[in-house]
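**Q** Sharing upload_38.cif (mmCIF, C-alpha atoms (C1' of nucleotides)) below.
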data_coords
#
loop_
_atom_site.label_atom_id
_atom_site.label_comp_id
_atom_site.auth_asym_id
_atom_site.auth_seq_id
_atom_site.Cartn_x
_atom_site.Cartn_y
_atom_site.Cartn_z
CA MET A 1 140.12 98.72 141.62
CA LEU A 2 139.12 96.69 144.66
CA ASN A 3 140.93 98.66 147.34
CA ASP A 4 137.89 100.48 148.66
CA PHE A 5 136.00 97.23 148.69
CA PHE A 6 138.72 95.46 150.69
CA ASN A 7 139.02 98.40 153.06
CA LYS A 8 135.33 98.25 153.75
CA LEU A 9 135.47 94.56 154.52
CA SER A 10 138.55 95.04 156.66
CA LYS A 11 136.72 97.42 158.94
CA ASN A 12 134.74 94.52 160.32
CA ILE A 13 136.68 91.39 159.54
CA LEU A 14 140.23 90.21 159.03
CA LEU A 15 141.08 89.67 155.38
CA THR A 16 144.29 87.89 154.36
CA GLU A 17 146.06 88.51 151.08
CA ALA A 18 144.96 85.04 150.02
CA ASP A 19 141.36 86.02 150.69
CA LYS A 20 141.79 89.09 148.53
CA VAL A 21 142.99 86.96 145.67
CA ILE A 22 139.92 84.76 145.99
CA PHE A 23 137.68 87.80 145.99
CA SER A 24 139.36 89.30 142.97
CA GLN A 25 138.54 86.13 141.07
CA HIS A 26 134.89 86.21 142.01
CA VAL A 27 133.79 89.79 141.72
CA VAL A 28 133.30 92.07 138.73
CA VAL A 29 133.84 95.79 138.52
CA LYS A 30 131.19 97.72 136.67
CA LYS A 31 130.68 101.37 135.86
CA LEU A 32 127.33 103.03 135.60
CA ARG A 33 126.66 106.48 134.28
CA LYS A 34 124.11 108.70 135.95
CA ARG A 35 120.59 107.42 135.34
CA GLN A 36 121.70 103.96 134.31
CA TYR A 37 120.10 101.04 136.07
CA LEU A 38 121.55 98.11 137.94
CA LEU A 39 118.11 96.51 138.29
CA HIS A 40 114.68 97.03 136.78
CA GLU A 41 111.55 95.82 138.50
CA GLY A 42 110.41 92.49 137.11
CA GLU A 43 113.96 91.24 136.77
CA ILE A 44 115.67 88.92 139.22
CA CYS A 45 118.27 90.76 141.23
CA LYS A 46 121.52 89.11 140.18
CA HIS A 47 124.01 90.98 142.32
CA VAL A 48 124.93 92.58 145.53
CA ALA A 49 126.75 95.75 144.60
CA PHE A 50 129.38 97.51 146.63
CA VAL A 51 129.66 101.18 145.72
CA ASN A 52 133.27 102.18 145.12
CA SER A 53 132.35 105.68 144.04
CA GLY A 54 129.21 107.56 143.14
CA MET A 55 125.78 106.85 144.53
CA LEU A 56 122.77 104.66 143.79
CA ARG A 57 119.21 104.50 144.96
CA SER A 58 116.71 101.65 145.15
CA TYR A 59 113.05 102.51 144.85
CA LEU A 60 109.64 101.03 144.36
CA VAL A 61 106.80 102.40 142.23
CA ASP A 62 103.29 102.06 143.66
CA GLU A 63 99.93 101.76 141.89
CA LYS A 64 99.54 105.52 141.69
CA SER A 65 103.01 105.49 140.08
CA ASN A 66 104.57 107.30 143.00
CA GLU A 67 108.17 106.43 143.67
CA HIS A 68 109.25 105.40 147.14
CA ILE A 69 112.94 105.31 147.84
CA ILE A 70 114.01 102.33 149.91
CA GLN A 71 117.70 103.06 150.17
CA PHE A 72 120.48 105.40 149.13
CA ALA A 73 123.91 103.85 148.67
CA PRO A 74 126.83 106.28 148.48
CA GLU A 75 130.42 105.03 148.19
CA GLY A 76 131.28 102.52 150.87
CA TRP A 77 127.78 101.07 151.00
CA PHE A 78 126.16 97.98 149.58
CA ILE A 79 122.96 97.88 147.61
CA SER A 80 120.75 95.08 146.30
CA ASP A 81 117.25 93.74 146.47
CA LEU A 82 118.09 91.13 149.03
CA TYR A 83 114.72 89.44 148.79
CA SER A 84 114.99 88.88 145.06
CA PHE A 85 118.69 88.08 145.30
CA ILE A 86 118.06 85.28 147.76
CA THR A 87 114.80 83.84 146.52
CA GLU A 88 115.43 84.46 142.82
CA ASP A 89 111.91 85.81 142.55
CA ALA A 90 111.23 88.81 140.35
CA SER A 91 112.07 92.06 142.08
CA ASN A 92 109.67 94.94 142.45
CA LEU A 93 112.47 97.39 143.01
CA ASN A 94 114.52 99.50 140.68
CA ILE A 95 118.15 100.32 141.38
CA GLU A 96 119.52 103.35 139.59
CA ALA A 97 122.74 105.32 139.67
CA ILE A 98 122.01 108.89 140.71
CA GLU A 99 125.64 109.80 140.07
CA SER A 100 128.16 108.17 137.77
CA SER A 101 129.33 105.25 139.84
CA GLU A 102 131.82 102.45 140.03
CA LEU A 103 130.57 99.22 141.53
CA VAL A 104 131.96 95.91 142.68
CA LEU A 105 129.42 93.25 141.81
CA VAL A 106 129.03 89.93 143.58
CA SER A 107 126.74 87.44 141.87
CA ARG A 108 124.58 85.01 143.78
CA ALA A 109 126.81 82.06 142.98
CA SER A 110 129.91 84.02 143.96
CA HIS A 111 128.26 85.23 147.12
CA ILE A 112 127.53 81.70 148.19
CA TYR A 113 130.95 80.52 147.14
CA LEU A 114 132.74 83.35 148.91
CA GLU A 115 130.89 82.79 152.14
CA LYS A 116 132.24 79.24 152.14
CA ALA A 117 135.71 79.98 150.86
CA VAL A 118 136.21 82.99 153.11
CA PRO A 119 134.48 82.32 156.42
CA GLU A 120 135.19 85.87 157.49
CA PHE A 121 132.97 87.02 154.64
CA PHE A 122 130.15 85.02 156.12
CA LYS A 123 130.75 86.81 159.37
CA PHE A 124 130.83 90.13 157.56
CA ASN A 125 127.43 89.48 156.06
CA TYR A 126 126.09 88.43 159.42
CA LEU A 127 127.13 91.82 160.77
CA GLN A 128 125.74 93.62 157.75
CA TYR A 129 122.34 92.02 158.03
CA ARG A 130 122.14 92.55 161.73
CA GLY A 131 123.15 96.18 161.41
CA ALA A 132 120.78 96.77 158.52
CA TYR A 133 117.93 95.32 160.53
CA ILE A 134 118.60 97.56 163.49
CA ALA A 135 118.95 100.65 161.31
CA LEU A 136 115.76 99.86 159.46
CA GLN A 137 113.89 99.48 162.72
CA LYS A 138 114.99 102.98 163.67
CA ARG A 139 113.75 104.26 160.34
CA LEU A 140 110.40 102.59 160.82
CA THR A 141 109.91 104.08 164.26
CA SER A 142 110.81 107.54 163.04
CA THR A 143 108.23 107.09 160.30
CA PHE A 144 105.65 106.26 162.94
CA THR A 145 106.49 108.81 165.57
CA LEU A 146 107.75 111.93 163.81
CA SER A 147 106.05 114.76 161.92
CA ALA A 148 107.26 115.74 158.45
CA GLU A 149 109.47 118.42 159.95
CA GLU A 150 110.92 116.13 162.56
CA LYS A 151 111.61 113.42 160.00
CA TYR A 152 113.58 115.87 157.92
CA ILE A 153 115.60 117.20 160.86
CA ASN A 154 116.23 113.66 162.00
CA LEU A 155 117.56 112.73 158.57
CA LEU A 156 119.88 115.74 158.55
CA ASN A 157 121.23 114.67 161.91
CA ILE A 158 122.04 111.23 160.57
CA TYR A 159 123.30 112.35 157.14
CA PRO A 160 124.27 116.02 157.50
CA ASP A 161 125.48 116.40 153.93
CA ILE A 162 122.69 114.57 152.16
CA MET A 163 121.10 117.70 150.72
CA GLN A 164 124.36 118.47 148.95
CA ARG A 165 124.24 115.24 147.03
CA VAL A 166 120.67 114.15 146.57
CA PRO A 167 117.87 116.01 144.76
CA GLN A 168 115.28 117.29 147.18
CA HIS A 169 112.38 115.34 145.72
CA MET A 170 114.30 112.12 146.33
CA ILE A 171 114.81 113.04 149.96
CA ALA A 172 111.08 113.64 150.17
CA SER A 173 110.43 110.23 148.66
CA TYR A 174 112.82 108.58 151.11
CA LEU A 175 111.04 110.22 154.01
CA GLY A 176 107.61 109.26 152.74
CA LEU A 177 106.61 112.86 151.94
CA THR A 178 105.69 114.65 148.78
CA ALA A 179 108.20 117.01 147.21
CA GLU A 180 105.86 119.93 147.93
CA THR A 181 105.59 119.11 151.59
CA LEU A 182 109.35 118.92 152.00
CA SER A 183 109.75 122.23 150.21
CA ARG A 184 107.35 123.85 152.65
CA VAL A 185 109.01 122.23 155.64
CA ARG A 186 112.36 123.62 154.57
CA LYS A 187 110.93 127.06 154.04
CA LYS A 188 109.50 127.04 157.51
CA LEU A 189 112.81 125.90 158.97
CA THR A 190 114.85 128.63 157.30
CA LYS A 191 112.34 131.17 158.59
CA LYS A 192 112.69 129.75 162.10
CA LYS A 193 116.45 129.91 161.80
CA SER A 194 116.49 133.56 160.72
CA GLU A 195 114.14 134.53 163.55
CA HIS A 196 116.33 132.68 165.97
CA SER A 197 119.40 134.80 165.14
CA MET B 1 111.03 72.35 178.26
CA LEU B 2 113.31 73.12 175.33
CA ASN B 3 111.68 70.98 172.70
CA ASP B 4 109.93 73.78 170.88
CA PHE B 5 113.10 75.78 170.98
CA PHE B 6 115.13 72.97 169.46
CA ASN B 7 112.48 72.30 166.85
CA LYS B 8 112.59 75.91 165.80
CA LEU B 9 116.35 75.84 165.41
CA SER B 10 116.17 72.54 163.58
CA LYS B 11 114.00 74.04 160.89
CA ASN B 12 116.97 75.99 159.61
CA ILE B 13 120.06 74.27 160.90
CA LEU B 14 121.29 70.84 161.91
CA LEU B 15 121.47 70.39 165.67
CA THR B 16 123.24 67.39 167.19
CA GLU B 17 122.34 65.91 170.55
CA ALA B 18 125.64 67.28 171.83
CA ASP B 19 124.61 70.74 170.69
CA LYS B 20 121.35 70.39 172.56
CA VAL B 21 123.21 69.58 175.73
CA ILE B 22 125.34 72.69 175.32
CA PHE B 23 122.24 74.78 174.78
CA SER B 24 120.49 73.36 177.79
CA GLN B 25 123.42 74.49 179.92
CA HIS B 26 123.32 78.04 178.60
CA VAL B 27 119.70 79.01 178.41
CA VAL B 28 117.12 79.70 181.06
CA VAL B 29 113.41 79.02 180.96
CA LYS B 30 111.21 81.76 182.33
CA LYS B 31 107.49 82.19 182.72
CA LEU B 32 105.71 85.48 182.45
CA ARG B 33 102.12 86.12 183.34
CA LYS B 34 100.02 88.41 181.20
CA ARG B 35 101.08 92.04 181.58
CA GLN B 36 104.44 91.17 183.04
CA TYR B 37 107.47 92.72 181.43
CA LEU B 38 110.65 91.21 180.03
CA LEU B 39 112.16 94.65 179.48
CA HIS B 40 111.34 98.20 180.57
CA GLU B 41 112.65 101.20 178.67
CA GLY B 42 115.78 102.61 180.25
CA GLU B 43 117.10 99.15 181.09
CA ILE B 44 119.71 97.31 179.09
CA CYS B 45 118.20 94.43 177.18
CA LYS B 46 119.81 91.39 178.72
CA HIS B 47 118.24 88.61 176.67
CA VAL B 48 117.03 87.30 173.43
CA ALA B 49 113.84 85.46 174.21
CA PHE B 50 112.39 82.55 172.31
CA VAL B 51 108.67 82.21 172.87
CA ASN B 52 107.72 78.64 173.73
CA SER B 53 104.12 79.52 174.35
CA GLY B 54 102.05 82.65 174.72
CA MET B 55 102.78 85.96 173.06
CA LEU B 56 104.79 89.11 173.70
CA ARG B 57 104.96 92.55 172.19
CA SER B 58 107.72 95.13 172.03
CA TYR B 59 106.73 98.75 171.87
CA LEU B 60 108.02 102.27 172.16
CA VAL B 61 106.33 105.24 173.80
CA ASP B 62 106.73 108.59 172.04
CA GLU B 63 106.73 112.14 173.49
CA LYS B 64 102.95 112.38 173.24
CA SER B 65 102.92 109.10 175.18
CA ASN B 66 101.47 107.18 172.31
CA GLU B 67 102.53 103.56 172.11
CA HIS B 68 103.95 102.17 168.89
CA ILE B 69 104.24 98.44 168.60
CA ILE B 70 107.46 97.29 166.98
CA GLN B 71 106.87 93.57 167.02
CA PHE B 72 104.53 90.82 168.10
CA ALA B 73 106.13 87.52 169.06
CA PRO B 74 103.80 84.52 169.32
CA GLU B 75 105.11 81.05 170.11
CA GLY B 76 107.92 80.03 167.82
CA TRP B 77 109.28 83.57 167.47
CA PHE B 78 112.14 85.44 169.02
CA ILE B 79 111.92 88.82 170.64
CA SER B 80 114.49 91.26 171.99
CA ASP B 81 115.73 94.79 171.57
CA LEU B 82 118.63 93.81 169.41
CA TYR B 83 120.17 97.26 169.47
CA SER B 84 120.34 97.39 173.23
CA PHE B 85 121.28 93.73 173.46
CA ILE B 86 124.32 94.22 171.23
CA THR B 87 125.51 97.65 172.28
CA GLU B 88 124.53 97.37 175.93
CA ASP B 89 123.05 100.85 175.71
CA ALA B 90 119.80 101.60 177.50
CA SER B 91 116.78 100.46 175.56
CA ASN B 92 113.88 102.70 174.65
CA LEU B 93 111.60 99.74 174.14
CA ASN B 94 109.32 97.84 176.44
CA ILE B 95 108.69 94.14 176.05
CA GLU B 96 105.54 92.83 177.65
CA ALA B 97 103.69 89.54 177.72
CA ILE B 98 100.23 90.00 176.24
CA GLU B 99 99.38 86.42 177.16
CA SER B 100 100.84 84.23 179.88
CA SER B 101 104.00 82.97 178.24
CA GLU B 102 106.87 80.59 178.60
CA LEU B 103 110.21 81.82 177.31
CA VAL B 104 113.66 80.46 176.66
CA LEU B 105 116.13 83.19 177.52
CA VAL B 106 119.61 83.53 176.06
CA SER B 107 121.82 86.09 177.77
CA ARG B 108 124.36 88.15 175.90
CA ALA B 109 127.27 86.14 177.21
CA SER B 110 125.53 82.88 176.37
CA HIS B 111 124.61 84.14 172.94
CA ILE B 112 128.23 84.92 172.17
CA TYR B 113 129.37 81.66 173.67
CA LEU B 114 126.82 79.58 171.83
CA GLU B 115 127.66 81.13 168.49
CA LYS B 116 131.21 79.95 169.00
CA ALA B 117 130.47 76.59 170.55
CA VAL B 118 127.72 75.73 168.08
CA PRO B 119 128.68 77.13 164.69
CA GLU B 120 125.28 76.19 163.36
CA PHE B 121 123.76 78.64 165.82
CA PHE B 122 125.83 81.37 164.27
CA LYS B 123 124.40 80.38 160.93
CA PHE B 124 120.93 80.33 162.41
CA ASN B 125 121.29 83.89 163.60
CA TYR B 126 122.65 84.93 160.22
CA LEU B 127 119.46 83.61 158.66
CA GLN B 128 117.29 85.21 161.33
CA TYR B 129 118.80 88.66 160.87
CA ARG B 130 118.66 88.45 157.12
CA GLY B 131 115.05 87.32 157.18
CA ALA B 132 114.10 89.94 159.73
CA TYR B 133 115.65 92.64 157.60
CA ILE B 134 113.76 91.57 154.51
CA ALA B 135 110.48 91.32 156.39
CA LEU B 136 110.96 94.72 157.96
CA GLN B 137 111.61 96.25 154.57
CA LYS B 138 108.27 94.90 153.39
CA ARG B 139 106.62 96.43 156.40
CA LEU B 140 108.22 99.79 155.72
CA THR B 141 107.06 99.83 152.12
CA SER B 142 103.54 98.89 153.09
CA THR B 143 103.61 101.77 155.56
CA PHE B 144 104.61 104.11 152.75
CA THR B 145 102.36 102.87 150.00
CA LEU B 146 99.13 101.66 151.58
CA SER B 147 96.07 103.41 152.99
CA ALA B 148 94.79 102.53 156.44
CA GLU B 149 92.35 100.06 154.94
CA GLU B 150 94.96 98.44 152.73
CA LYS B 151 97.40 98.14 155.61
CA TYR B 152 94.81 96.30 157.63
CA ILE B 153 93.87 93.96 154.82
CA ASN B 154 97.52 93.36 154.10
CA LEU B 155 98.12 92.41 157.72
CA LEU B 156 95.22 89.99 157.70
CA ASN B 157 96.68 88.34 154.63
CA ILE B 158 99.98 87.82 156.38
CA TYR B 159 98.55 86.87 159.80
CA PRO B 160 94.97 85.72 159.18
CA ASP B 161 94.27 84.86 162.80
CA ILE B 162 95.81 87.88 164.44
CA MET B 163 92.49 89.49 165.37
CA GLN B 164 91.65 86.39 167.38
CA ARG B 165 94.66 86.86 169.61
CA VAL B 166 95.57 90.51 169.78
CA PRO B 167 93.43 93.39 171.08
CA GLN B 168 92.35 95.64 168.27
CA HIS B 169 94.03 98.76 169.59
CA MET B 170 97.36 96.95 169.53
CA ILE B 171 96.86 96.03 165.90
CA ALA B 172 96.17 99.68 165.24
CA SER B 173 99.36 100.62 167.02
CA TYR B 174 101.34 98.09 165.03
CA LEU B 175 99.96 99.49 161.79
CA GLY B 176 100.66 103.06 162.78
CA LEU B 177 96.97 103.97 163.12
CA THR B 178 94.80 105.10 165.99
CA ALA B 179 92.36 102.67 167.54
CA GLU B 180 89.49 104.82 166.28
CA THR B 181 90.70 104.74 162.71
CA LEU B 182 91.04 100.97 162.73
CA SER B 183 87.58 100.61 164.20
CA ARG B 184 86.15 102.68 161.36
CA VAL B 185 88.13 100.78 158.75
CA ARG B 186 86.72 97.51 160.03
CA LYS B 187 83.20 98.83 160.05
CA LYS B 188 83.54 99.90 156.46
CA LEU B 189 84.94 96.51 155.50
CA THR B 190 82.12 94.54 157.10
CA LYS B 191 79.64 96.78 155.30
CA LYS B 192 81.41 96.13 152.01
CA LYS B 193 81.36 92.41 152.70
CA SER B 194 77.63 92.32 153.42
CA GLU B 195 76.86 94.30 150.28
CA HIS B 196 79.00 91.93 148.31
CA SER B 197 76.91 88.90 149.32
"C1'" DC C 1 77.72 91.75 189.83
"C1'" DG C 2 80.47 96.03 189.55
"C1'" DA C 3 84.74 97.80 187.67
"C1'" DT C 4 87.88 98.32 184.31
"C1'" DT C 5 89.24 97.86 179.64
"C1'" DT C 6 88.18 97.89 174.92
"C1'" DT C 7 85.60 99.26 171.03
"C1'" DT C 8 82.49 102.24 168.72
"C1'" DT C 9 80.55 106.53 167.15
"C1'" DG C 10 80.26 111.52 166.20
"C1'" DA C 11 82.00 116.12 165.35
"C1'" DA C 12 85.70 119.17 164.77
"C1'" DT C 13 90.38 119.77 163.44
"C1'" DC C 14 94.83 119.05 161.43
"C1'" DA C 15 98.71 117.56 158.73
"C1'" DT C 16 99.77 116.27 154.52
"C1'" DA C 17 98.41 115.29 149.72
"C1'" DT C 18 96.84 116.82 145.39
"C1'" DC C 19 96.49 119.66 141.44
"C1'" DA C 20 98.01 123.33 138.85
"C1'" DA C 21 100.92 127.05 137.71
"C1'" DC C 22 105.13 129.34 137.71
"C1'" DG C 23 110.18 130.21 138.35
"C1'" DT C 24 114.68 128.71 137.97
"C1'" DA C 25 118.60 126.26 136.64
"C1'" DC C 26 121.01 123.19 133.69
"C1'" DG C 27 122.85 121.18 129.68
"C1'" DT C 28 122.69 119.96 124.84
"C1'" DG C 29 122.42 120.76 120.14
"C1'" DG C 30 121.84 124.17 116.62
"C1'" DC D 1 126.55 131.50 122.56
"C1'" DC D 2 121.86 131.47 122.48
"C1'" DA D 3 117.60 128.90 122.65
"C1'" DC D 4 115.10 125.30 123.81
"C1'" DG D 5 113.75 121.39 126.44
"C1'" DT D 6 113.83 118.91 130.54
"C1'" DA D 7 114.32 118.45 135.38
"C1'" DC D 8 113.85 120.57 139.77
"C1'" DG D 9 111.94 123.53 143.29
"C1'" DT D 10 108.41 126.78 144.93
"C1'" DT D 11 103.92 128.57 145.87
"C1'" DG D 12 98.87 128.79 146.30
"C1'" DA D 13 94.25 126.87 146.63
"C1'" DT D 14 91.71 123.06 147.73
"C1'" DA D 15 90.77 118.31 149.10
"C1'" DT D 16 91.19 114.38 151.98
"C1'" DG D 17 92.44 110.82 155.09
"C1'" DA D 18 93.46 110.30 159.53
"C1'" DT D 19 93.69 112.28 164.23
"C1'" DT D 20 91.80 114.22 168.33
"C1'" DC D 21 88.60 114.68 171.92
"C1'" DA D 22 84.58 113.28 174.17
"C1'" DA D 23 81.21 110.17 175.36
"C1'" DA D 24 78.45 106.04 174.91
"C1'" DA D 25 78.23 101.08 174.20
"C1'" DA D 26 80.12 96.58 174.59
"C1'" DA D 27 83.11 93.18 176.30
"C1'" DT D 28 86.07 91.19 179.80
"C1'" DC D 29 87.64 90.16 184.38
"C1'" DG D 30 88.01 89.49 189.24
#
Take the structure from the file and write it as structure tokens.
**A**
Amino acid sequence: MLNDFFNKLSKNILLTEADKVIFSQHVVVKKLRKRQYLLHEGEICKHVAFVNSGMLRSYLVDEKSNEHIIQFAPEGWFISDLYSFITEDASNLNIEAIESSELVLVSRASHIYLEKAVPEFFKFNYLQYRGAYIALQKRLTSTFTLSAEEKYINLLNIYPDIMQRVPQHMIASYLGLTAETLSRVRKKLTKKKSEHS
Amino acid sequence: MLNDFFNKLSKNILLTEADKVIFSQHVVVKKLRKRQYLLHEGEICKHVAFVNSGMLRSYLVDEKSNEHIIQFAPEGWFISDLYSFITEDASNLNIEAIESSELVLVSRASHIYLEKAVPEFFKFNYLQYRGAYIALQKRLTSTFTLSAEEKYINLLNIYPDIMQRVPQHMIASYLGLTAETLSRVRKKLTKKKSEHS
DNA sequence: CGATTTTTTGAATCATATCAACGTACGTGG
DNA sequence: CCACGTACGTTGATATGATTCAAAAAATCG
């Protein structure tokens, strides 16, 4: 059950068998069917979830009830509302499975415990946060500097297979576009492509 | 020279006098006059800078040669291009003093050394990265969900005195607006305010 | 003071959003 | 297996918020 989880950790840190035992005593495996939620806005985010299989999304709903996707988490990724998880304030995010998924959940208490009991896990989180910060900064600058078309192409460069897994309107939401705009962008691109050949 | 720096660290971690001695041997104090640069794009970012006094900005220039401000760093903040600093790839950011400033510089080698020699510094950076990630996520969502006017008001709520220190066109750049748009937003707001009274 | 930088204002333009309708595909229950 | 409902994607017409360009006004600096 926890193999993928341990493999992920092992890519960045050194995990002993003893560490794995400790982890296995402090994490919970959970399955979610498509469209089930790990977190609803208003709740306190109780877990960091590692995605063993499947895929989740976190999103926020604004005053005009438009959804804005913060993050996609396919297998091998983590997802949470870190702000709520740390502060124990109510979250304004929703986290939903967009495919049937298997998760490894780490509660707040376990997270704190594990960082002490397994110093390498503390280091792992250090690297995660740092990497997430850098990646998010890239996303912000592409939001500022690119047109709708460029944003879409840029995303495809980073995640070439994303269109095969994620509904188009969710991609639009992630990019900060409307579904209609993305549809038109794609149409224009396929036209360009056919002209080009 | 390093008092502000140590005070900043001490807000989140416990620093011993011995730690302070170690730090003092591995950091460099540098002064920058207004308009001087800590980093030009194309260079490798060699330092993380703590701002003792003054204020810096980091920004990126896009293909249309528009500037986009990534971060402001007034006294008490850190600034760097973390991506370039870590990977030692060329940076595409510029870091410039927008006021005469005094900085405490930590080189890459020193940063790595200090994280080992002063475990609390490792913890400090963990907290910094985590906090920076959360803050950046808020900024991204406000970019997605708010109008120009709302973005400006939102910024004033977070940094009430920012207009007193930063030229207006830089605020616009930080918010992802043109200087003209921000000027019009402000005009509209002062009108609203006067009507309201 | 003159010179440069910054902010303001106006008019035209543009990219994207909005609203509404339609087409298509999918999956579930009858 | 068909029919119906729901979700998803496309298309068109129109609206809108923000940008662009240009120039004047105001502020700042040496």
**Q** Measure the distance from CA of Thr143 in chain A to C1' of DA13 in chain D in Å and round it to one decimal.
**A** 27.8 Å
**Q** Fewer than 3 positions away in the same chain doesn't count, so skip those; otherwise give me all residues within 6 Å of Glu99 in chain A, counting only C-alpha atoms (C1' of nucleotides), as a PDB file with C-alpha atoms, in the coordinates of the input.
**A**
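Listed below is the output, out.pdb:
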ATOM      1  CA  LYS A  34     124.110 108.700 135.950  1.00  0.00           C
ATOM      2  CA  GLY A  54     129.210 107.560 143.140  1.00  0.00           C
ATOM      3  CA  MET A  55     125.780 106.850 144.530  1.00  0.00           C
TER       4      MET A  55
END
**Q** Report as JSON, numbers by chain the set of chain C residues whose atoms approach chain A to within 10 Å, with distances computed over only C-alpha atoms (C1' of nucleotides).
**A** {"C": [15, 16, 17, 18]}
**Q** How would you write, as a list in words, the residues chosen by the PyMOL selection byres ((chain A and resi 149-166) around 9) on this structure?
**A**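 Applied to this file, the PyMOL selection byres ((chain A and resi 149-166) around 9) selects Met55, Ile98, Glu99, Ser142, Thr143, Thr145, Leu146, Ser147, Ala148, Pro167, Gln168, His169, Met170, Ile171, Ala172, Leu175, Leu182, Val185, Arg186, Lys188 and Leu189 of chain A.
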**Q** So what does the PyMOL selection byres ((chain B and resi 36) around 9) actually pick up in this one, as a list in words?
**A**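 When the PyMOL selection byres ((chain B and resi 36) around 9) is applied, the selected residues are Leu32, Arg33, Lys34, Arg35, Tyr37, Leu38, Ile95, Glu96, Ala97, Ile98 and Ser100 of chain B.
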**Q** Print the selection's residues with C-alpha atoms to a file, as a tab-separated table (two decimals), in the coordinates of the input.
**A**
chain	number	residue	atom	x	y	z
B	32	LEU	CA	105.71	85.48	182.45
B	33	ARG	CA	102.12	86.12	183.34
B	34	LYS	CA	100.02	88.41	181.20
B	35	ARG	CA	101.08	92.04	181.58
B	37	TYR	CA	107.47	92.72	181.43
B	38	LEU	CA	110.65	91.21	180.03
B	95	ILE	CA	108.69	94.14	176.05
B	96	GLU	CA	105.54	92.83	177.65
B	97	ALA	CA	103.69	89.54	177.72
B	98	ILE	CA	100.23	90.00	176.24
B	100	SER	CA	100.84	84.23	179.88
**Q** With the PyMOL selection byres ((chain D) within 9 of (chain B)) as the selection, what would be picked from this file? Answer as an MDAnalysis selection string, please.
**A** chainID D and resid 17:19
**Q** Just the selected residues (C-alpha atoms (C1' of nucleotides)), exported as a CSV table (one decimal), in the frame of the given file, please.
**A**
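As a result, result33.csv now contains:
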chain,number,residue,atom,x,y,z
D,17,DG,C1',92.4,110.8,155.1
D,18,DA,C1',93.5,110.3,159.5
D,19,DT,C1',93.7,112.3,164.2
**Q** Counting only C-alpha atoms, which residues of chain B come no farther than 6 Å from chain A, as a ChimeraX atom specification?
**A** /B:126,129-130,133,144,176
**Q** Just write the chosen residues, C-alpha atoms, as a PDB file, in the coordinates of the input.
**A**
ATOM      1  CA  TYR B 126     122.650  84.930 160.220  1.00  0.00           C
ATOM      2  CA  TYR B 129     118.800  88.660 160.870  1.00  0.00           C
ATOM      3  CA  ARG B 130     118.660  88.450 157.120  1.00  0.00           C
ATOM      4  CA  TYR B 133     115.650  92.640 157.600  1.00  0.00           C
ATOM      5  CA  PHE B 144     104.610 104.110 152.750  1.00  0.00           C
ATOM      6  CA  GLY B 176     100.660 103.060 162.780  1.00  0.00           C
TER       7      GLY B 176
END
**Q** CA of Ile79 in chain A and CA of Ser58 in chain A, how far apart in Å?
**A** 7.7 Å
**Q** Please tell me which residues are no farther than 12 Å from (131.7, 83.1, 149.0) in the file, counting only C-alpha atoms (C1' of nucleotides), and write them as a PyMOL selection string.
**A** chain A and resi 19-20+22-27+106-125
**Q** Have a look at D:DC1, D:DG12, D:DG30, D:DT6 and name the one nearest to DA20 in chain C; count all atoms listed in the file.
**A**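 Counting all atoms listed in the file, the residue closest to DA20 in chain C is D:DG12.
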**Q** Report, in Å with one decimal, the straight-line distance from CA of Ser53 in chain B to CA of Ala73 in chain B.
**A**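 Between CA of Ser53 in chain B and CA of Ala73 in chain B the gap works out to 9.8 Å.
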**Q** Between A:Ile44, A:Gly76, A:Val28, A:Gln71, which is the closest to Lys11 in chain A once you count all atoms listed in the file?
**A**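 So, comparing all the options, the nearest one is A:Gly76.
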**Q** Which residues are close to DC2 in chain D, i.e. within 12 Å by all atoms listed in the file, leaving aside same-chain residues fewer than 5 positions away? Reply as a PyMOL selection string.
**A** chain C and resi 28-30
**Q** For DC1 in chain C, which of D:DC29, D:DA23, D:DA7, D:DA15 is the closest residue, counting only C-alpha atoms (C1' of nucleotides)?
**A**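 Of all the options, D:DC29 lies closest to DC1 in chain C.
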**Q** So that I can see what lies close to DC22 in chain C, please list as a PyMOL selection string the residues with an atom at most 12 Å from it, counting all atoms listed in the file and leaving out residues fewer than 6 positions away in the same chain.
**A** chain D and resi 9-12
**Q** Since the input is missing atoms, can you rebuild N, CA and C atoms for range 71-76 of chain B and write them as an mmCIF file, in the frame of the given file?
**A**
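Output below, filename selection_8.cif:
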data_model
loop_
_atom_site.group_PDB
_atom_site.id
_atom_site.type_symbol
_atom_site.label_atom_id
_atom_site.label_comp_id
_atom_site.auth_asym_id
_atom_site.auth_seq_id
_atom_site.Cartn_x
_atom_site.Cartn_y
_atom_site.Cartn_z
ATOM 1 N N GLN B 71 106.907 94.992 167.382
ATOM 2 C CA GLN B 71 106.870 93.570 167.020
ATOM 3 C C GLN B 71 105.915 92.812 167.916
ATOM 4 N N PHE B 72 105.232 91.841 167.333
ATOM 5 C CA PHE B 72 104.530 90.820 168.100
ATOM 6 C C PHE B 72 105.362 89.536 168.018
ATOM 7 N N ALA B 73 105.411 88.801 169.097
ATOM 8 C CA ALA B 73 106.130 87.520 169.060
ATOM 9 C C ALA B 73 105.269 86.427 169.670
ATOM 10 N N PRO B 74 104.537 85.699 168.844
ATOM 11 C CA PRO B 74 103.800 84.520 169.320
ATOM 12 C C PRO B 74 104.752 83.342 169.449
ATOM 13 N N GLU B 75 104.260 82.226 169.908
ATOM 14 C CA GLU B 75 105.110 81.050 170.110
ATOM 15 C C GLU B 75 105.849 80.712 168.811
ATOM 16 N N GLY B 76 107.109 80.366 168.980
ATOM 17 C CA GLY B 76 107.920 80.030 167.820
ATOM 18 C C GLY B 76 108.744 81.198 167.302
#
